[in-house]
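Written out below as structure tokens is the structure these notes cover.
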Amino acid sequence: MATLQNVFIFILCVAKTFQERRVPSPPSITAGPKPYPKSSWNPELGDRVYVYIAKEKNTRLQCVASGNTPQLRYDWLKDGKLIDFTSNEVKYPNNTLRIYKEQGLGTLNIHRVQESDYGTYQCRASSDREDSQAVSLSKKVELIEAIISPFQDSSDVDSKKVPQGQYLMLTCDPPFSNPKATLSWTLDDTLREMDFNERIVMDYEGNLHFANVASEDGGDKMYSCFAALHFIGFYTKGRTTELKVYGDKAAFQPAKIRWTSEKKVVGVEGESVKFMCIFSGYPTPTISWRRVGRASEESSGYELVISAVKPSDKGEYVCSGTNSVTGNPQEVKFMVDVQAKPTWVSPPLDTRVSVGESGTVNCTAVGNPTPTVEWYIDGKPFKAIPGKRYIQNNVIHIDNLNKKESTVVQCNATNSHGSLFSDVYINVLALPPEITNWTKSLKVAAGRSAVLSCEHNGYPTPTLEWMRGPQLLNGDRYNFTQTSITILNVSKNDEGVFICISKNNQGREQKENMLIVRDKTSIKDLTGITETEEGKTSIEVDSDEDVKFTCIAMTDPREMVRYVWKKNGKVIKDFGDPHVRCEEGCSVLRVQEADATQSGNYTCVANNGIDEDQRTIELRVKAAPDRPDDVKLTSCGDWKLGLQWSAGFHNYMPIINYTIEYSTSFDWDKWTTLYQTSDSNTKVSDVSLSAGVIYKFRIKALNQKGYSEPSEPTNTCKTDPKRPARHPTGVKVKDYKKDGFLYVEWEAISPMEHNGEDFKYKLSVRNIADDNTKSYIVAGDKTSKEIETKDTYQKYGVRVAAENSVGAARGIPQEVFGFSGMGVPTIKPQNFELDKKSPFTAETATFVWDSIPDDSPDLKGKFDGYVIRYWRRDNPGTIKRIEIPPRVLPAATGTGEEDSGKIRETINNLPAYSQLKLDVLVKNVMYESEPSNPIDLNTPEGVPSEVQKLKAEKRGENFIDIGWYLPKRINGDLQQFVVTYQEVFGGRLSQEIEDTIDANYSISPTDMIEHRIVGLEPNTMYRVVVYATTRIGPGDQAALDVMTADKAPLKPPIVTVLSLPEKNGFNISWISDSPSNEVNLKRPGEQFKVVERMNSSRNWMLLTDGLTVGRTYVFTVTAVDGLRRVTSEEIKVPFENTASNRAEDEVFKATWFIIVMVAIAILILVIIIVCLLLKRNRGDKYNVQERENLHGIKNNDMKKPLAKGDFDDKLASWDFDGI
């Protein structure tokens, strides 16, 4: 669609071009040469441009002119002489052009610029018409060689020894360059410009000044001045200077002037003016600028720049330098005078005049000094002709012009600061009227105004008249312009033809304009809306309701009405809001699930392309309020909040209240409810705040539909600080592993309770032994403290107080008690041995040892019981531990003297039939002691624990497959596994049957042991018990109840019946789950009868008796298993004429048929063999070449003969592929 529109616009533009009149005009250069580089050019000022170009480079001087002349001619002047583009001077030796004009343009191209090419160029555009001598000139072009000479002695390296703090200047001595090169300094060979500062600065001549030399100026820094012409990529670097800075400390030096720029400067209005003054001294001087007589205008730095100077900047400026050891500031004065380049009072313009009229060009320019103006006519100096051509007050006059006197006027205004150049024409025209565009047909609605246009031109300027029929139009109903007529309040009577007439002394032209009047468009109905007394329409709905507006309009029957909807005066485009859509040609507007954003004025606009009508509907959606606005703080710092705000729109439901939320600098993203108003008042005060907190606040409004979005947050405010609200709670001294340290922790006080800055905790730690107290400060974001005590398990009292910059919380914090860190016990249990008085079995033994007092200082901590350890003597790396907590340590129960002060402990679940080693440790809460004396213990053989993971793997009607894993503890030499099973009858068990399995010593703990129990009854529950035995006896039993499978249901046999004509009968075969089967036959008109019973594996029979040709018989087979019976599907088979069937079969058995089929097969085989032989001998061009390429064989490879005895793998593989 967009492409069609573009084509249509193009066609209109072409048509308009043909309609526009081609008015002859003198040549006028519209695009002249551009400077290079561009930064040196202001296209509005000056009579020439400058192009800097290096030798052997190419350049292009633009020249494009306009002018409706039959032939436009371009010429170029170099140093005032015409360039001959046929001479050898503009050609290469091979006769190709080196200097040429672009075809159809005046643009000049110069390839590989030579020395002789530099000079002043100017483009001249003229007409080849004999009756026109007009000439247009471009600005002059100065083609200048871009060059930069190298520095002298650039390879030298100077070394300067400079004391720290002394002034230093490094000279640049830049080489010749054109244009002037950009100067800078570098510290290495990369030509990266060094940074300047208040201490190190470069002056306008390129010299580098150090106000005072510092130690960092030396080292590996190598100072070099470099000059650059960036636009052509020319760079050159001067000699290198290395600074060797000596001295440990700089001596103080007062400020002293070292260099200044020109002190009297004439600035050009609009351009920049700059001054520089450089001082030495240590410390580095401070430089300031002021304007004499204007104390308020001050600046600082070594340079003052006035970016766009104006006359009011004229005056005296003072640069002042001083430092801490300078008495009176050192001053330098500069004078600024402001003058101006020439500027046009009014820029000269091209002029069109009629034959016999006068032409003028105004070249009045102003400037300081006053500019002088030079005049040229068609590129030649002006010569006055009395009574015809003269200059008066910088205006050229040419009187009584004829058609051949079109001319181009050049004027050049110049003063000492620059020049202005103008090239404009006076075009003498004599043209009859021409109407180029008019209203051919216009439709307008009755009651409206109609505008008929008639665009025309001619010289002299023609007048325009309007007629309807013979009547010349005038009166109050008509408004006239130079190109149109407006007819007010048209009616049907105005329909018809209106004629516009353009005329001057050269002739006249007229055109017809058709006016068509249509009935006006009006909206007749807006359904579903109640009209108020004021004539407006409105509707209120709840949010999430649907709204439908229908717009019905009437228009002229010959036109078609179109509908557009607006919301709040803006057209609804594309209906991007998913809640709003138009239907039925947009005569219906539907708002679905309306919310507050859909509230507003909806306007239906009915338009037929001629006129339109519109009506507006106000939709009010009752929803949550809009967010509050303009929230302002009225108080905050004194711990009381005051706020006021503007209510957001209520969305047609009264606001109930407001909720104030806050966030703090502790977490700006977290908002917490602070206060809720009791009504819709938009102001609160005296809301309590925490002390010393930086707050932001926001507000949400509530009505019956819910909460609004929150307002924008307020600016931050900070409440006044005060003491913390309380001391911390949850203080405790933890049992600590680190010897020589005390570890204290407490619950954090929230930042909202800090009440001020510099919040911290103060710990008071009192040694109970000597009552010595020490204090420690902990940051407010910490909740623990490790304190070095250099002792072991000593009692301390601890208090933790809260403090901030105002002071400590009121009251004395509670003292809590605890101990410093524990150490490794230095005592160990003694006389550890087996208690021979107590029972000793395969898994149980009792041990005794000397007790250790709970409060023994050698424990180095809080007593926490004992640990008995044991391990197999052949596996010392695997140690088992038995924890004996303090609570199970009663006094020795023995009555003998040898039991006094002893600990007795019985250990169960020891590994039976094992050689063990045991010892005992004492421990505190953190550490264990060294072990006691070890003892050896050999446990006797025991019985195994129960087998693991006993389960039924598979069940059948008469068997159960079970599996299990070795016992967790075998406790001896494993002998066998015993499996017993017995039926379960309603809680009673039958006689037990036992199977035994000899143990295999190669069984690993990961191997499942499997056993099948057979001879079982179907669908019967059995109790299965499995246990292992050692030489001592049977181990623990593992039991499992499992039921055998029920008998599988019989499936109907699958029956096949084949007719056997040669046997005059049927062959019946079947597949059945049961070995006992009955064959049933149903003859026509009879019931099924059993014709055969089979009680063997045979599953077929042949039936030949009692069959009649032409009848249909039905067969079934019944599977029998005891009392269970199941019969197959019925199969119906006709018994056909055996002779007929036999004749059909004989066809396929006939000798002639067999011979023919064999012959055909032999013929096909012969054809295949012949094709294969031909393919191998002749080859297939395409396929062989393709295969050669696949095998990496090129055509040239095929042409090379093989050496005798050689074998080519590629050819061999290809040969085999071809077979």
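Letters A, B, ... mark the chains of the structure tokens in the order given; residue numbers begin at 1 per chain; ligand numbers begin at 1, in order shown.
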
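For Pro876 (chain A), the non-local neighbours within 12 Å, defined as residues at least 3 positions apart in the same chain or in other chains and counting only C-alpha atoms, are Arg869, Tyr870, Trp871, Arg872, Arg873, Ile879, Lys880, Gln915, Leu916, Lys917 and Leu918 of chain A.
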
Export N, CA, C and O atoms of the chosen residues as a PDB file, in the first residue's frame?
```pdb
ATOM      1  N   ARG A 869      36.434 -46.184  72.930  1.00  0.00           N
ATOM      2  CA  ARG A 869      36.712 -46.460  71.534  1.00  0.00           C
ATOM      3  C   ARG A 869      37.137 -47.920  71.397  1.00  0.00           C
ATOM      4  O   ARG A 869      37.789 -48.484  72.292  1.00  0.00           O
ATOM      5  N   TYR A 870      36.725 -48.541  70.258  1.00  0.00           N
ATOM      6  CA  TYR A 870      37.217 -49.894  69.969  1.00  0.00           C
ATOM      7  C   TYR A 870      37.403 -50.046  68.472  1.00  0.00           C
ATOM      8  O   TYR A 870      36.769 -49.380  67.677  1.00  0.00           O
ATOM      9  N   TRP A 871      38.277 -50.943  68.100  1.00  0.00           N
ATOM     10  CA  TRP A 871      38.547 -51.238  66.694  1.00  0.00           C
ATOM     11  C   TRP A 871      39.121 -52.644  66.591  1.00  0.00           C
ATOM     12  O   TRP A 871      39.609 -53.218  67.567  1.00  0.00           O
ATOM     13  N   ARG A 872      38.963 -53.228  65.421  1.00  0.00           N
ATOM     14  CA  ARG A 872      39.550 -54.545  65.176  1.00  0.00           C
ATOM     15  C   ARG A 872      41.055 -54.385  65.061  1.00  0.00           C
ATOM     16  O   ARG A 872      41.542 -53.450  64.438  1.00  0.00           O
ATOM     17  N   ARG A 873      41.719 -55.335  65.631  1.00  0.00           N
ATOM     18  CA  ARG A 873      43.178 -55.226  65.631  1.00  0.00           C
ATOM     19  C   ARG A 873      43.754 -55.340  64.222  1.00  0.00           C
ATOM     20  O   ARG A 873      44.831 -54.803  63.946  1.00  0.00           O
ATOM     21  N   ILE A 879      37.582 -46.917  63.543  1.00  0.00           N
ATOM     22  CA  ILE A 879      37.399 -46.845  64.998  1.00  0.00           C
ATOM     23  C   ILE A 879      35.942 -46.534  65.283  1.00  0.00           C
ATOM     24  O   ILE A 879      35.357 -45.610  64.711  1.00  0.00           O
ATOM     25  N   LYS A 880      35.329 -47.307  66.162  1.00  0.00           N
ATOM     26  CA  LYS A 880      33.982 -47.057  66.633  1.00  0.00           C
ATOM     27  C   LYS A 880      34.054 -46.316  67.965  1.00  0.00           C
ATOM     28  O   LYS A 880      34.938 -46.557  68.787  1.00  0.00           O
ATOM     29  N   GLN A 915      38.748 -59.926  67.292  1.00  0.00           N
ATOM     30  CA  GLN A 915      39.888 -59.526  68.110  1.00  0.00           C
ATOM     31  C   GLN A 915      39.910 -58.001  68.148  1.00  0.00           C
ATOM     32  O   GLN A 915      40.205 -57.354  67.147  1.00  0.00           O
ATOM     33  N   LEU A 916      39.593 -57.445  69.332  1.00  0.00           N
ATOM     34  CA  LEU A 916      39.402 -56.008  69.459  1.00  0.00           C
ATOM     35  C   LEU A 916      40.481 -55.393  70.321  1.00  0.00           C
ATOM     36  O   LEU A 916      41.118 -56.056  71.136  1.00  0.00           O
ATOM     37  N   LYS A 917      40.627 -54.039  70.122  1.00  0.00           N
ATOM     38  CA  LYS A 917      41.465 -53.226  71.005  1.00  0.00           C
ATOM     39  C   LYS A 917      40.597 -52.063  71.441  1.00  0.00           C
ATOM     40  O   LYS A 917      39.871 -51.473  70.631  1.00  0.00           O
ATOM     41  N   LEU A 918      40.631 -51.695  72.754  1.00  0.00           N
ATOM     42  CA  LEU A 918      39.780 -50.660  73.305  1.00  0.00           C
ATOM     43  C   LEU A 918      40.596 -49.701  74.159  1.00  0.00           C
ATOM     44  O   LEU A 918      41.635 -50.076  74.710  1.00  0.00           O
TER      45      LEU A 918
END
```

Polymer residues at most 8 Å from Asp1041 (chain A), only C-alpha atoms, same-chain spacing of 6 or more positions, as a ChimeraX atom specification:
/A:1021-1024

| Could you pull out all residues of region 402-518 of chain A with a DSSP call of strand (DSSP E) and give them as a VMD selection string? | chain A and resid 407 to 415 418 to 429 431 to 438 441 to 445 450 to 459 463 to 468 471 to 472 478 to 480 484 to 487 496 to 504 507 to 518

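Using only C-alpha atoms, the nearest neighbour of Ile435 (chain A) within the list A:Ser484, A:Thr414, A:Ser215, A:Asn651 is A:Ser484.
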
Closest contacts (region 470-524 of chain A/region 445-461 of chain A, max 6 Å, only C-alpha atoms) as CSV:
```
residue,atom,partner,partner_atom,distance
A:Thr483,CA,A:Cys454,CA,5.1
A:Ser484,CA,A:Ser453,CA,4.1
A:Ile485,CA,A:Leu452,CA,5.4
A:Thr486,CA,A:Val451,CA,4.4
A:Ile487,CA,A:Ala450,CA,5.1
A:Leu488,CA,A:Ser449,CA,4.5
A:Asn489,CA,A:Gly447,CA,4.4
A:Val490,CA,A:Gly447,CA,5.2
A:Ser491,CA,A:Ala446,CA,5.0
A:Val517,CA,A:Ala445,CA,5.6
A:Arg518,CA,A:Ala445,CA,4.7
A:Asp519,CA,A:Ala445,CA,5.6
A:Lys520,CA,A:Ala445,CA,4.8
```

Preceding selection exported with all heavy atoms as a CSV table (one decimal), in the first residue's frame:
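Now in result.csv:
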```csv
chain,number,residue,atom,x,y,z
A,483,THR,N,-5.3,34.6,-5.5
A,483,THR,CA,-5.4,33.3,-6.2
A,483,THR,C,-6.7,32.5,-5.8
A,483,THR,O,-6.7,31.3,-6.2
A,483,THR,CB,-4.2,32.4,-5.7
A,483,THR,OG1,-4.2,32.2,-4.3
A,483,THR,CG2,-2.9,33.0,-6.2
A,484,SER,N,-7.7,33.0,-5.2
A,484,SER,CA,-8.8,32.2,-4.8
A,484,SER,C,-10.1,33.1,-4.5
A,484,SER,O,-10.0,34.3,-4.4
A,484,SER,CB,-8.5,31.4,-3.5
A,484,SER,OG,-8.4,32.3,-2.4
A,485,ILE,N,-11.2,32.4,-4.5
A,485,ILE,CA,-12.5,33.0,-4.1
A,485,ILE,C,-13.1,32.1,-3.0
A,485,ILE,O,-13.0,30.9,-3.1
A,485,ILE,CB,-13.4,33.2,-5.2
A,485,ILE,CG1,-14.8,33.8,-4.8
A,485,ILE,CG2,-13.7,31.8,-5.9
A,485,ILE,CD1,-15.7,34.2,-5.9
A,486,THR,N,-13.7,32.7,-1.9
A,486,THR,CA,-14.4,32.0,-0.9
A,486,THR,C,-15.8,32.3,-0.9
A,486,THR,O,-16.2,33.5,-0.9
A,486,THR,CB,-13.8,32.3,0.5
A,486,THR,OG1,-12.4,31.9,0.5
A,486,THR,CG2,-14.5,31.5,1.6
A,487,ILE,N,-16.7,31.3,-1.1
A,487,ILE,CA,-18.2,31.5,-1.2
A,487,ILE,C,-18.7,31.1,0.2
A,487,ILE,O,-18.6,29.9,0.6
A,487,ILE,CB,-18.8,30.7,-2.3
A,487,ILE,CG1,-18.1,30.9,-3.6
A,487,ILE,CG2,-20.3,30.9,-2.4
A,487,ILE,CD1,-18.3,29.9,-4.7
A,488,LEU,N,-19.4,32.0,0.9
A,488,LEU,CA,-19.8,31.8,2.3
A,488,LEU,C,-21.2,31.2,2.2
A,488,LEU,O,-22.1,31.5,1.4
A,488,LEU,CB,-19.9,33.1,3.0
A,488,LEU,CG,-18.6,33.9,3.1
A,488,LEU,CD1,-18.8,35.2,3.9
A,488,LEU,CD2,-17.5,33.1,3.8
A,489,ASN,N,-21.5,30.2,3.2
A,489,ASN,CA,-22.8,29.6,3.5
A,489,ASN,C,-23.4,29.1,2.2
A,489,ASN,O,-24.5,29.6,1.8
A,489,ASN,CB,-23.7,30.6,4.2
A,489,ASN,CG,-24.9,30.0,4.7
A,489,ASN,OD1,-25.0,28.8,5.0
A,489,ASN,ND2,-26.0,30.8,4.9
A,490,VAL,N,-22.8,28.2,1.5
A,490,VAL,CA,-23.3,27.7,0.2
A,490,VAL,C,-24.6,27.0,0.4
A,490,VAL,O,-24.9,26.4,1.5
A,490,VAL,CB,-22.2,26.8,-0.5
A,490,VAL,CG1,-20.9,27.5,-0.7
A,490,VAL,CG2,-22.0,25.5,0.4
A,491,SER,N,-25.4,27.0,-0.7
A,491,SER,CA,-26.6,26.3,-0.7
A,491,SER,C,-26.7,25.5,-2.1
A,491,SER,O,-25.8,25.6,-2.9
A,491,SER,CB,-27.8,27.3,-0.6
A,491,SER,OG,-27.9,28.1,-1.7
A,517,VAL,N,-22.7,20.8,-4.5
A,517,VAL,CA,-23.2,21.0,-3.1
A,517,VAL,C,-23.9,19.8,-2.7
A,517,VAL,O,-24.8,19.3,-3.4
A,517,VAL,CB,-24.1,22.2,-3.1
A,517,VAL,CG1,-24.6,22.4,-1.6
A,517,VAL,CG2,-23.4,23.5,-3.6
A,518,ARG,N,-23.6,19.2,-1.5
A,518,ARG,CA,-24.2,18.0,-0.9
A,518,ARG,C,-24.9,18.3,0.4
A,518,ARG,O,-24.6,19.4,1.0
A,518,ARG,CB,-23.1,16.9,-0.7
A,518,ARG,CG,-22.4,16.4,-1.9
A,518,ARG,CD,-23.4,15.5,-2.7
A,518,ARG,NE,-22.6,14.8,-3.7
A,518,ARG,CZ,-22.8,14.9,-5.0
A,518,ARG,NH1,-23.7,15.8,-5.4
A,518,ARG,NH2,-22.2,14.2,-5.9
A,519,ASP,N,-25.9,17.5,0.8
A,519,ASP,CA,-26.5,17.6,2.1
A,519,ASP,C,-25.5,17.4,3.2
A,519,ASP,O,-24.6,16.6,3.1
A,519,ASP,CB,-27.6,16.5,2.2
A,519,ASP,CG,-28.8,16.8,1.3
A,519,ASP,OD1,-28.9,17.9,0.9
A,519,ASP,OD2,-29.4,15.8,0.9
A,520,LYS,N,-25.6,18.2,4.2
A,520,LYS,CA,-24.6,18.1,5.3
A,520,LYS,C,-24.8,16.8,6.1
A,520,LYS,O,-25.9,16.2,6.2
A,520,LYS,CB,-24.7,19.3,6.2
A,520,LYS,CG,-25.9,19.4,7.0
A,520,LYS,CD,-25.8,20.7,7.9
A,520,LYS,CE,-27.0,20.8,8.9
A,520,LYS,NZ,-26.9,22.0,9.7
```

* Asked: Leaving out Lys722 (chain A) and any residue of its chain fewer than 6 positions from it, which residues lie within 8 Å of it when counting only C-alpha atoms, given as a PyMOL selection string?
  -> chain A and resi 691-692+755-756+806-807

Here CA of Met169 (chain A) and CA of Lys221 (chain A) stand apart by 15.7 Å

Would you kindly return, as a PyMOL selection string, each protein, DNA or RNA residue with an atom no farther than 8 Å from any atom of Phe832 (chain A), considering only C-alpha atoms and excluding same-chain residues fewer than 4 positions away?
chain A and resi 847-850+919-920+932-935

- Within 8 Å of region 743-751 of chain A, counting only C-alpha atoms, which residues show up once you throw out same-chain ones fewer than 4 positions away? Write them as a ChimeraX atom specification, please. /A:666,728-736,755,781-787,820-821

Same residues, N, CA and C atoms, output as a PDB file, in the first residue's frame:
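Saved result, result.pdb, follows:
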```pdb
ATOM      1  N   PHE A 666      18.262   2.847  55.549  1.00  0.00           N
ATOM      2  CA  PHE A 666      18.719   1.487  55.818  1.00  0.00           C
ATOM      3  C   PHE A 666      18.322   0.545  54.685  1.00  0.00           C
ATOM      4  N   PRO A 728      20.830  -3.898  74.448  1.00  0.00           N
ATOM      5  CA  PRO A 728      20.493  -5.141  73.750  1.00  0.00           C
ATOM      6  C   PRO A 728      20.065  -6.238  74.717  1.00  0.00           C
ATOM      7  N   THR A 729      19.268  -7.167  74.189  1.00  0.00           N
ATOM      8  CA  THR A 729      18.835  -8.348  74.949  1.00  0.00           C
ATOM      9  C   THR A 729      19.493  -9.581  74.349  1.00  0.00           C
ATOM     10  N   GLY A 730      19.240 -10.732  75.013  1.00  0.00           N
ATOM     11  CA  GLY A 730      19.791 -11.989  74.506  1.00  0.00           C
ATOM     12  C   GLY A 730      21.289 -12.086  74.647  1.00  0.00           C
ATOM     13  N   VAL A 731      21.869 -11.389  75.654  1.00  0.00           N
ATOM     14  CA  VAL A 731      23.318 -11.428  75.839  1.00  0.00           C
ATOM     15  C   VAL A 731      23.697 -12.769  76.467  1.00  0.00           C
ATOM     16  N   LYS A 732      24.731 -13.418  75.909  1.00  0.00           N
ATOM     17  CA  LYS A 732      25.206 -14.672  76.490  1.00  0.00           C
ATOM     18  C   LYS A 732      26.667 -14.887  76.137  1.00  0.00           C
ATOM     19  N   VAL A 733      27.327 -15.625  77.021  1.00  0.00           N
ATOM     20  CA  VAL A 733      28.714 -16.022  76.797  1.00  0.00           C
ATOM     21  C   VAL A 733      28.683 -17.461  76.325  1.00  0.00           C
ATOM     22  N   LYS A 734      29.147 -17.716  75.129  1.00  0.00           N
ATOM     23  CA  LYS A 734      29.053 -19.049  74.540  1.00  0.00           C
ATOM     24  C   LYS A 734      30.228 -19.908  74.961  1.00  0.00           C
ATOM     25  N   ASP A 735      29.930 -21.235  75.077  1.00  0.00           N
ATOM     26  CA  ASP A 735      31.042 -22.180  75.227  1.00  0.00           C
ATOM     27  C   ASP A 735      31.902 -22.063  73.982  1.00  0.00           C
ATOM     28  N   TYR A 736      33.211 -21.855  74.163  1.00  0.00           N
ATOM     29  CA  TYR A 736      34.059 -21.482  73.043  1.00  0.00           C
ATOM     30  C   TYR A 736      35.225 -22.444  72.932  1.00  0.00           C
ATOM     31  N   ASN A 755      18.575   5.539  66.943  1.00  0.00           N
ATOM     32  CA  ASN A 755      18.255   6.902  67.394  1.00  0.00           C
ATOM     33  C   ASN A 755      19.359   7.916  67.133  1.00  0.00           C
ATOM     34  N   ASP A 781      26.780  -2.657  63.653  1.00  0.00           N
ATOM     35  CA  ASP A 781      26.254  -3.700  62.781  1.00  0.00           C
ATOM     36  C   ASP A 781      26.744  -5.086  63.177  1.00  0.00           C
ATOM     37  N   LYS A 782      27.457  -5.204  64.300  1.00  0.00           N
ATOM     38  CA  LYS A 782      27.949  -6.493  64.791  1.00  0.00           C
ATOM     39  C   LYS A 782      27.085  -6.969  65.955  1.00  0.00           C
ATOM     40  N   THR A 783      27.047  -8.294  66.134  1.00  0.00           N
ATOM     41  CA  THR A 783      26.276  -8.864  67.255  1.00  0.00           C
ATOM     42  C   THR A 783      27.101  -9.858  68.052  1.00  0.00           C
ATOM     43  N   SER A 784      28.413  -9.801  67.936  1.00  0.00           N
ATOM     44  CA  SER A 784      29.266 -10.704  68.713  1.00  0.00           C
ATOM     45  C   SER A 784      30.642 -10.077  68.845  1.00  0.00           C
ATOM     46  N   LYS A 785      31.401 -10.590  69.807  1.00  0.00           N
ATOM     47  CA  LYS A 785      32.742 -10.076  70.037  1.00  0.00           C
ATOM     48  C   LYS A 785      33.601 -11.197  70.615  1.00  0.00           C
ATOM     49  N   GLU A 786      34.749 -11.404  69.975  1.00  0.00           N
ATOM     50  CA  GLU A 786      35.749 -12.335  70.506  1.00  0.00           C
ATOM     51  C   GLU A 786      36.784 -11.520  71.271  1.00  0.00           C
ATOM     52  N   ILE A 787      36.953 -11.853  72.554  1.00  0.00           N
ATOM     53  CA  ILE A 787      37.830 -11.066  73.435  1.00  0.00           C
ATOM     54  C   ILE A 787      38.972 -11.955  73.886  1.00  0.00           C
ATOM     55  N   SER A 820      35.617 -18.356  79.714  1.00  0.00           N
ATOM     56  CA  SER A 820      36.483 -18.178  78.545  1.00  0.00           C
ATOM     57  C   SER A 820      36.680 -19.523  77.860  1.00  0.00           C
ATOM     58  N   GLY A 821      37.367 -19.509  76.722  1.00  0.00           N
ATOM     59  CA  GLY A 821      37.483 -20.681  75.872  1.00  0.00           C
ATOM     60  C   GLY A 821      38.148 -21.859  76.551  1.00  0.00           C
TER      61      GLY A 821
END
```

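If you count only C-alpha atoms and ignore residues fewer than 3 places along the chain from Lys310 (chain A), what sits within 10 Å of it is A:Gly267, A:Val268, A:Glu269, A:Gly270, A:Glu271, A:Ser272, A:Ile306, A:Ser307, A:Asp313, A:Lys314, A:Asp337, A:Val338, A:Gln339, A:Ala340.
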